[in-house]
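Next comes work.cif, a file with mmCIF, C-alpha atoms.
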data_coords
#
loop_
_atom_site.group_PDB
_atom_site.id
_atom_site.type_symbol
_atom_site.label_atom_id
_atom_site.label_comp_id
_atom_site.auth_asym_id
_atom_site.auth_seq_id
_atom_site.Cartn_x
_atom_site.Cartn_y
_atom_site.Cartn_z
ATOM 1 C CA VAL A 10 0.905 11.822 24.630
ATOM 2 C CA VAL A 11 1.013 9.152 27.342
ATOM 3 C CA SER A 12 2.183 9.992 30.856
ATOM 4 C CA ILE A 13 3.035 7.129 33.231
ATOM 5 C CA GLU A 14 4.027 8.198 36.715
ATOM 6 C CA ASP A 15 6.937 10.588 36.015
ATOM 7 C CA GLU A 16 7.462 9.513 32.411
ATOM 8 C CA VAL A 17 6.028 10.852 29.154
ATOM 9 C CA PHE A 18 5.788 8.916 25.904
ATOM 10 C CA GLU A 19 4.630 10.475 22.654
ATOM 11 C CA LEU A 20 3.011 8.143 20.164
ATOM 12 C CA GLY A 21 1.866 8.785 16.615
ATOM 13 C CA GLY A 22 1.185 7.256 13.274
ATOM 14 C CA PHE A 23 -0.448 7.543 9.894
ATOM 15 C CA ARG A 24 -3.150 5.826 7.876
ATOM 16 C CA LYS A 25 -4.116 6.561 4.300
ATOM 17 C CA LYS A 26 -7.718 7.424 3.487
ATOM 18 C CA THR A 27 -8.994 7.740 7.021
ATOM 19 C CA THR A 28 -11.277 10.029 8.983
ATOM 20 C CA ASN A 29 -10.711 12.193 12.022
ATOM 21 C CA ASN A 30 -13.078 9.987 14.046
ATOM 22 C CA GLU A 31 -11.170 6.854 13.084
ATOM 23 C CA MET A 32 -7.835 8.388 14.055
ATOM 24 C CA GLU A 33 -9.220 9.669 17.379
ATOM 25 C CA LEU A 34 -10.404 6.123 18.079
ATOM 26 C CA VAL A 35 -7.066 4.615 17.045
ATOM 27 C CA ALA A 36 -5.240 7.107 19.283
ATOM 28 C CA LEU A 37 -7.152 5.964 22.351
ATOM 29 C CA LEU A 38 -6.757 2.292 21.433
ATOM 30 C CA LYS A 39 -2.995 2.515 20.815
ATOM 31 C CA SER A 40 -2.436 4.606 23.948
ATOM 32 C CA LEU A 41 -4.189 2.049 26.131
ATOM 33 C CA GLN A 42 -2.381 -0.846 24.420
ATOM 34 C CA TYR A 43 0.913 0.938 25.129
ATOM 35 C CA LEU A 44 0.140 0.677 28.853
ATOM 36 C CA ASP A 45 0.357 -3.114 28.822
ATOM 37 C CA GLY A 46 2.143 -4.175 31.996
ATOM 38 C CA TYR A 47 1.405 -0.992 33.928
ATOM 39 C CA GLU A 48 -1.085 -0.570 36.740
ATOM 40 C CA PRO A 49 -4.539 -0.352 35.203
ATOM 41 C CA ARG A 50 -5.587 2.989 36.759
ATOM 42 C CA VAL A 51 -5.907 5.324 33.795
ATOM 43 C CA HIS A 52 -7.296 8.824 33.230
ATOM 44 C CA VAL A 53 -7.597 9.943 29.611
ATOM 45 C CA TYR A 54 -8.184 13.451 28.296
ATOM 46 C CA VAL A 55 -10.051 13.416 24.977
ATOM 47 C CA ASP A 56 -11.094 16.212 22.659
ATOM 48 C CA SER A 57 -13.322 13.912 20.606
ATOM 49 C CA LYS A 58 -16.978 13.751 21.588
ATOM 50 C CA TYR A 59 -17.296 10.784 19.198
ATOM 51 C CA VAL A 60 -14.805 8.784 21.284
ATOM 52 C CA LEU A 61 -16.142 10.071 24.602
ATOM 53 C CA ASN A 62 -19.773 9.235 23.755
ATOM 54 C CA GLY A 63 -18.773 5.976 22.115
ATOM 55 C CA VAL A 64 -17.008 4.761 25.247
ATOM 56 C CA THR A 65 -19.358 6.169 27.880
ATOM 57 C CA ARG A 66 -22.776 5.937 26.199
ATOM 58 C CA TRP A 67 -22.947 3.935 22.983
ATOM 59 C CA LEU A 68 -20.581 0.965 23.248
ATOM 60 C CA SER A 69 -22.668 -1.118 25.655
ATOM 61 C CA LYS A 70 -25.808 -0.456 23.581
ATOM 62 C CA TRP A 71 -24.067 -1.386 20.341
ATOM 63 C CA LYS A 72 -23.010 -4.723 21.813
ATOM 64 C CA GLU A 73 -26.557 -5.423 23.061
ATOM 65 C CA GLN A 74 -27.936 -4.573 19.609
ATOM 66 C CA ASP A 75 -25.504 -6.859 17.714
ATOM 67 C CA TRP A 76 -23.294 -3.917 16.693
ATOM 68 C CA LYS A 77 -26.107 -1.823 15.277
ATOM 69 C CA THR A 78 -26.758 1.845 16.045
ATOM 70 C CA ALA A 79 -30.026 3.167 17.451
ATOM 71 C CA GLY A 80 -30.998 3.726 13.809
ATOM 72 C CA LYS A 81 -30.398 0.003 13.085
ATOM 73 C CA LYS A 82 -27.331 0.748 10.918
ATOM 74 C CA PRO A 83 -24.002 -1.065 11.300
ATOM 75 C CA VAL A 84 -21.605 0.637 13.721
ATOM 76 C CA THR A 85 -18.893 2.546 11.893
ATOM 77 C CA HIS A 86 -15.372 1.296 12.748
ATOM 78 C CA LYS A 87 -16.859 -1.810 14.384
ATOM 79 C CA ASP A 88 -13.515 -3.665 14.302
ATOM 80 C CA LEU A 89 -11.769 -0.853 16.182
ATOM 81 C CA TRP A 90 -14.588 -0.550 18.714
ATOM 82 C CA GLN A 91 -14.451 -4.311 19.354
ATOM 83 C CA GLU A 92 -10.682 -4.165 19.857
ATOM 84 C CA LEU A 93 -11.051 -1.135 22.112
ATOM 85 C CA ASP A 94 -13.771 -2.899 24.126
ATOM 86 C CA VAL A 95 -11.268 -5.577 25.164
ATOM 87 C CA VAL A 96 -8.702 -2.981 26.261
ATOM 88 C CA LEU A 97 -11.333 -0.904 28.077
ATOM 89 C CA LYS A 98 -12.233 -3.917 30.223
ATOM 90 C CA LYS A 99 -8.609 -4.242 31.296
ATOM 91 C CA TYR A 100 -7.977 -0.596 32.158
ATOM 92 C CA ALA A 101 -11.481 0.820 32.799
ATOM 93 C CA PRO A 102 -10.187 4.334 32.146
ATOM 94 C CA THR A 103 -11.971 7.475 33.210
ATOM 95 C CA LEU A 104 -12.370 9.836 30.287
ATOM 96 C CA GLU A 105 -12.466 13.603 30.601
ATOM 97 C CA TYR A 106 -13.484 15.862 27.752
ATOM 98 C CA ILE A 107 -11.294 18.868 27.003
ATOM 99 C CA PRO A 108 -11.919 21.306 24.157
ATOM 100 C CA GLY A 109 -9.649 20.934 21.156
ATOM 101 C CA HIS A 110 -7.686 23.860 19.731
ATOM 102 C CA ALA A 111 -8.129 25.809 22.956
ATOM 103 C CA GLY A 112 -4.534 26.288 24.044
ATOM 104 C CA ILE A 113 -4.252 23.219 26.291
ATOM 105 C CA HIS A 114 -0.565 22.404 25.943
ATOM 106 C CA GLY A 115 -0.668 18.592 25.883
ATOM 107 C CA ASN A 116 -3.597 18.617 23.476
ATOM 108 C CA GLU A 117 -1.900 21.134 21.204
ATOM 109 C CA ARG A 118 1.208 18.921 21.153
ATOM 110 C CA ALA A 119 -0.881 15.846 20.297
ATOM 111 C CA ASP A 120 -2.554 17.796 17.478
ATOM 112 C CA GLY A 121 0.856 18.904 16.189
ATOM 113 C CA ILE A 122 2.077 15.302 16.115
ATOM 114 C CA ALA A 123 -1.079 14.182 14.290
ATOM 115 C CA GLN A 124 -0.803 17.043 11.784
ATOM 116 C CA ALA A 125 2.845 16.238 11.037
ATOM 117 C CA PHE A 126 2.054 12.568 10.378
ATOM 118 C CA SER A 127 -0.900 13.544 8.158
ATOM 119 C CA GLU A 128 1.486 15.640 6.064
ATOM 120 C CA GLY A 129 3.878 12.713 5.615
ATOM 121 C CA LYS A 130 6.430 14.088 8.090
ATOM 122 C CA LYS A 131 8.022 12.070 10.875
ATOM 123 C CA PRO A 132 8.064 14.277 13.950
ATOM 124 C CA LYS A 133 10.533 13.609 16.730
ATOM 125 C CA LEU A 134 8.580 11.879 19.493
ATOM 126 C CA TYR A 135 9.603 12.416 23.104
ATOM 127 C CA SER A 136 10.184 9.573 25.528
ATOM 128 C CA GLY A 137 11.539 10.344 28.972
ATOM 129 C CA ASN A 138 11.120 12.068 32.296
ATOM 130 C CA VAL A 139 8.267 14.547 32.607
ATOM 131 C CA LYS A 140 10.678 17.111 34.128
ATOM 132 C CA SER A 141 12.578 17.263 30.829
ATOM 133 C CA TYR A 142 9.438 17.257 28.675
ATOM 134 C CA PRO A 143 9.313 20.549 26.737
ATOM 135 C CA VAL A 144 5.515 20.794 27.026
ATOM 136 C CA ASP A 145 3.829 22.076 30.190
ATOM 137 C CA LEU A 146 1.187 19.521 31.173
ATOM 138 C CA THR A 147 0.105 21.312 34.347
ATOM 139 C CA ASP A 148 -2.875 22.990 32.663
ATOM 140 C CA LEU A 149 -4.532 19.566 32.504
ATOM 141 C CA ASN A 150 -4.241 19.317 36.277
ATOM 142 C CA LYS A 151 -5.973 22.686 36.591
ATOM 143 C CA ARG A 152 -8.978 21.093 34.845
ATOM 144 C CA TYR A 153 -8.664 23.686 32.106
ATOM 145 C CA ALA A 154 -11.382 25.947 33.524
ATOM 146 C CA GLY A 155 -8.834 27.559 35.812
ATOM 147 C CA ALA A 156 -5.932 27.681 33.377
ATOM 148 C CA SER A 157 -4.527 31.180 33.035
ATOM 149 C CA ASP A 158 -3.904 30.949 29.280
ATOM 150 C CA LYS A 159 -7.397 29.792 28.362
ATOM 151 C CA LYS A 160 -8.556 30.981 24.966
ATOM 152 C CA LYS A 161 -12.129 32.123 24.441
ATOM 153 C CA ARG A 162 -14.119 29.702 22.297
ATOM 154 C CA SER A 163 -17.249 30.457 20.398
ATOM 155 C CA ARG A 164 -20.289 28.341 21.195
ATOM 156 C CA ALA A 165 -21.339 28.574 17.520
ATOM 157 C CA LYS A 166 -21.195 25.404 15.467
ATOM 158 C CA ALA A 167 -18.211 25.034 13.199
ATOM 159 C CA HIS A 168 -19.057 26.039 9.652
ATOM 160 C CA SER A 169 -16.246 24.180 7.912
ATOM 161 C CA TYR A 170 -13.497 21.622 8.290
ATOM 162 C CA VAL A 171 -10.261 20.898 6.465
ATOM 163 C CA SER A 172 -9.252 17.555 4.964
ATOM 164 C CA SER A 173 -6.123 16.252 3.303
ATOM 165 C CA VAL A 174 -6.560 13.287 0.949
ATOM 166 C CA ASP A 175 -3.704 12.161 -1.275
ATOM 167 C CA GLY A 176 -1.910 15.428 -0.534
ATOM 168 C CA VAL A 177 -4.846 17.577 -1.637
ATOM 169 C CA ILE A 178 -6.023 19.961 1.079
ATOM 170 C CA ARG A 179 -9.667 21.037 0.924
ATOM 171 C CA THR A 180 -12.036 23.078 3.063
ATOM 172 C CA HIS A 181 -15.564 21.696 3.377
ATOM 173 C CA SER A 182 -18.745 23.253 4.706
#
Show how you would write the structure in this file as C-alpha coordinates.
Amino acid sequence: VVSIEDEVFELGGFRKKTTNNEMELVALLKSLQYLDGYEPRVHVYVDSKYVLNGVTRWLSKWKEQDWKTAGKKPVTHKDLWQELDVVLKKYAPTLEYIPGHAGIHGNERADGIAQAFSEGKKPKLYSGNVKSYPVDLTDLNKRYAGASDKKKRSRAKAHSYVSSVDGVIRTHS
(Lines of atoms letter the chains of each structure in order from A and count residues from 1; the text may use other names and numbers.)
(Lines give C-alpha, C1' and ligand atoms only; values in the text may rest on other atoms or scores of the structure.)
Protein backbone atom coordinates (compact mmCIF):
# COMPACT_ATOMS: atom_id res chain seq x y z
CA VAL A 1 0.00 0.00 0.00
CA VAL A 2 1.63 3.23 -1.19
CA SER A 3 0.31 6.61 -0.07
CA ILE A 4 1.46 9.73 -1.94
CA GLU A 5 0.13 12.98 -0.56
CA ASP A 6 -3.65 12.40 -0.63
CA GLU A 7 -3.53 9.37 -2.92
CA VAL A 8 -3.32 5.65 -2.16
CA PHE A 9 -2.06 3.00 -4.55
CA GLU A 10 -2.20 -0.71 -3.78
CA LEU A 11 0.43 -2.86 -5.43
CA GLY A 12 0.82 -6.63 -5.46
CA GLY A 13 2.18 -9.57 -7.32
CA PHE A 14 3.19 -13.19 -7.28
CA ARG A 15 6.31 -15.29 -7.70
CA LYS A 16 6.51 -19.06 -7.77
CA LYS A 17 8.81 -20.85 -5.34
CA THR A 18 9.75 -17.87 -3.22
CA THR A 19 10.23 -17.08 0.45
CA ASN A 20 8.56 -14.60 2.75
CA ASN A 21 11.85 -12.69 3.09
CA GLU A 22 12.21 -12.42 -0.67
CA MET A 23 8.67 -11.12 -1.09
CA GLU A 24 9.09 -8.60 1.75
CA LEU A 25 12.21 -7.35 -0.03
CA VAL A 26 10.46 -7.22 -3.40
CA ALA A 27 7.56 -5.30 -1.82
CA LEU A 28 9.88 -2.55 -0.60
CA LEU A 29 11.77 -2.45 -3.90
CA LYS A 30 8.63 -2.24 -6.07
CA SER A 31 7.02 0.34 -3.78
CA LEU A 32 10.04 2.62 -4.00
CA GLN A 33 10.31 2.11 -7.78
CA TYR A 34 6.64 3.09 -8.07
CA LEU A 35 7.54 6.49 -6.61
CA ASP A 36 9.67 7.42 -9.61
CA GLY A 37 9.01 11.08 -10.38
CA TYR A 38 7.72 11.97 -6.93
CA GLU A 39 9.53 13.97 -4.28
CA PRO A 40 12.08 11.69 -2.65
CA ARG A 41 10.93 12.12 0.97
CA VAL A 42 9.66 8.69 1.95
CA HIS A 43 8.61 7.00 5.20
CA VAL A 44 8.05 3.25 5.03
CA TYR A 45 6.33 1.03 7.59
CA VAL A 46 7.72 -2.51 7.54
CA ASP A 47 6.77 -5.61 9.48
CA SER A 48 9.86 -7.49 8.34
CA LYS A 49 12.89 -7.34 10.61
CA TYR A 50 14.87 -8.96 7.77
CA VAL A 51 14.19 -5.95 5.53
CA LEU A 52 14.57 -3.43 8.34
CA ASN A 53 17.93 -4.84 9.49
CA GLY A 54 19.07 -5.38 5.93
CA VAL A 55 18.51 -1.74 5.03
CA THR A 56 19.61 -0.11 8.29
CA ARG A 57 22.40 -2.41 9.51
CA TRP A 58 23.65 -5.01 7.04
CA LEU A 59 23.59 -3.51 3.54
CA SER A 60 26.59 -1.21 3.93
CA LYS A 61 28.61 -4.03 5.54
CA TRP A 62 27.69 -6.48 2.79
CA LYS A 63 28.93 -4.05 0.15
CA GLU A 64 32.21 -3.50 2.04
CA GLN A 65 32.67 -7.27 2.34
CA ASP A 66 32.08 -7.97 -1.39
CA TRP A 67 28.50 -9.14 -0.75
CA LYS A 68 29.40 -11.61 1.96
CA THR A 69 27.71 -11.91 5.35
CA ALA A 70 29.54 -11.63 8.67
CA GLY A 71 29.85 -15.43 8.45
CA LYS A 72 31.62 -15.08 5.06
CA LYS A 73 28.66 -16.62 3.18
CA PRO A 74 27.14 -15.08 0.04
CA VAL A 75 24.29 -12.66 0.76
CA THR A 76 20.92 -14.24 0.06
CA HIS A 77 18.92 -12.34 -2.60
CA LYS A 78 22.04 -10.39 -3.57
CA ASP A 79 20.52 -9.27 -6.89
CA LEU A 80 17.48 -7.78 -5.15
CA TRP A 81 19.62 -6.09 -2.49
CA GLN A 82 21.82 -4.55 -5.20
CA GLU A 83 18.76 -3.27 -7.06
CA LEU A 84 17.28 -1.95 -3.83
CA ASP A 85 20.58 -0.23 -2.96
CA VAL A 86 20.26 1.95 -6.07
CA VAL A 87 16.68 2.94 -5.20
CA LEU A 88 17.56 3.57 -1.55
CA LYS A 89 20.18 6.12 -2.61
CA LYS A 90 17.55 8.02 -4.56
CA TYR A 91 14.85 8.10 -1.88
CA ALA A 92 16.79 7.58 1.38
CA PRO A 93 13.60 6.41 3.09
CA THR A 94 13.13 6.26 6.83
CA LEU A 95 11.91 2.84 7.88
CA GLU A 96 9.71 2.22 10.89
CA TYR A 97 9.04 -1.25 12.24
CA ILE A 98 5.45 -2.18 13.02
CA PRO A 99 4.37 -5.60 14.29
CA GLY A 100 2.69 -7.83 11.74
CA HIS A 101 -0.69 -9.44 12.37
CA ALA A 102 -1.42 -6.96 15.15
CA GLY A 103 -4.52 -5.25 13.83
CA ILE A 104 -2.80 -2.32 12.08
CA HIS A 105 -5.24 -1.63 9.26
CA GLY A 106 -2.84 -0.79 6.42
CA ASN A 107 -0.61 -3.73 7.31
CA GLU A 108 -3.57 -6.10 7.51
CA ARG A 109 -4.68 -4.92 4.06
CA ALA A 110 -1.18 -5.46 2.64
CA ASP A 111 -1.14 -8.97 4.14
CA GLY A 112 -4.56 -9.68 2.62
CA ILE A 113 -3.33 -8.62 -0.82
CA ALA A 114 -0.21 -10.78 -0.47
CA GLN A 115 -2.25 -13.77 0.72
CA ALA A 116 -4.68 -13.46 -2.21
CA PHE A 117 -1.84 -13.38 -4.75
CA SER A 118 -0.16 -16.38 -3.06
CA GLU A 119 -3.40 -18.32 -3.51
CA GLY A 120 -3.53 -17.51 -7.23
CA LYS A 121 -6.31 -14.93 -6.83
CA LYS A 122 -6.25 -11.46 -8.35
CA PRO A 123 -7.52 -9.07 -5.70
CA LYS A 124 -8.98 -5.73 -6.70
CA LEU A 125 -6.29 -3.15 -5.99
CA TYR A 126 -7.30 0.37 -4.99
CA SER A 127 -5.95 3.47 -6.67
CA GLY A 128 -7.38 6.84 -5.73
CA ASN A 129 -7.99 9.47 -3.11
CA VAL A 130 -7.23 8.53 0.49
CA LYS A 131 -10.65 9.89 1.55
CA SER A 132 -12.36 7.17 -0.49
CA TYR A 133 -9.94 4.43 0.59
CA PRO A 134 -11.91 1.78 2.51
CA VAL A 135 -9.04 1.14 4.95
CA ASP A 136 -8.38 3.44 7.91
CA LEU A 137 -4.70 4.39 7.80
CA THR A 138 -4.83 6.72 10.80
CA ASP A 139 -3.54 4.06 13.21
CA LEU A 140 -0.15 4.36 11.51
CA ASN A 141 -0.10 8.05 12.39
CA LYS A 142 -0.77 7.15 16.02
CA ARG A 143 2.52 5.21 15.95
CA TYR A 144 0.60 2.07 16.84
CA ALA A 145 1.42 2.26 20.55
CA GLY A 146 -1.50 4.60 21.07
CA ALA A 147 -3.96 2.92 18.72
CA SER A 148 -7.21 2.07 20.46
CA ASP A 149 -7.69 -1.28 18.70
CA LYS A 150 -4.25 -2.65 19.51
CA LYS A 151 -4.17 -6.40 19.96
CA LYS A 152 -2.05 -7.97 22.68
CA ARG A 153 0.93 -9.86 21.28
CA SER A 154 2.89 -12.54 23.00
CA ARG A 155 6.61 -11.96 23.39
CA ALA A 156 7.18 -15.72 22.96
CA LYS A 157 8.93 -16.87 19.81
CA ALA A 158 6.72 -18.25 17.10
CA HIS A 159 6.66 -22.03 17.18
CA SER A 160 5.50 -22.60 13.61
CA TYR A 161 4.90 -21.01 10.24
CA VAL A 162 2.72 -21.84 7.26
CA SER A 163 3.90 -22.23 3.67
CA SER A 164 2.16 -22.78 0.37
CA VAL A 165 4.24 -24.39 -2.39
CA ASP A 166 2.59 -25.58 -5.59
CA GLY A 167 -0.80 -25.26 -3.90
CA VAL A 168 0.18 -27.48 -0.97
CA ILE A 169 -0.25 -25.75 2.39
CA ARG A 170 1.98 -26.97 5.22
CA THR A 171 2.68 -25.97 8.80
CA HIS A 172 6.33 -26.14 9.86
CA SER A 173 7.94 -25.97 13.28
- prompt: Any idea what's packed within 10 Å of segment 119-124 of chain A, counting only C-alpha atoms, ignoring anything in its chain fewer than 3 positions away? Could you give it as JSON, numbers by chain?
  reply: {"A": [10, 11, 19, 20, 21, 22, 23, 32, 33, 36, 109, 110, 114, 115, 116, 127, 128, 129, 130, 131, 132, 133, 134]}
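For the pair atom CA of Glu117 of chain A and atom CA of Pro102 of chain A, the interatomic distance is 21.7 Å.
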message: Measuring between only C-alpha atoms, which one of A:Leu89, A:Leu41, A:Val139, A:Leu104 shows the shortest distance to Asp15 of chain A?
response: A:Val139
query: Excluding same-chain residues fewer than 4 positions from segment 44-57 of chain A, what lies within 10 Å of it counting all atoms listed in the file, as a count of residues only?
result: 34
- prompt: For this file, the PyMOL selection byres ((chain A and resi 86) around 12) selects which residues, as a ChimeraX atom specification?
  reply: /A:27-35,59-60,63,68,71,76-78,83-85,87-93
task: Using atom CA of Tyr135 of chain A and atom CA of Val64 of chain A as the two end points, give the distance in Å to one decimal.
output: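 Rounded to one decimal, the two atoms are 27.8 Å apart.
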task: Would you work out the distance separating atom CA of Thr65 of chain A from atom CA of Tyr43 of chain A, expressed in Å to one decimal?
output: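 These atoms are spaced 21.1 Å apart.
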- prompt: Taking only C-alpha atoms into account, which of A:Gln42, A:Ser141, A:Ser69, A:Thr147 comes nearest Val17 of chain A?
  reply: A:Ser141
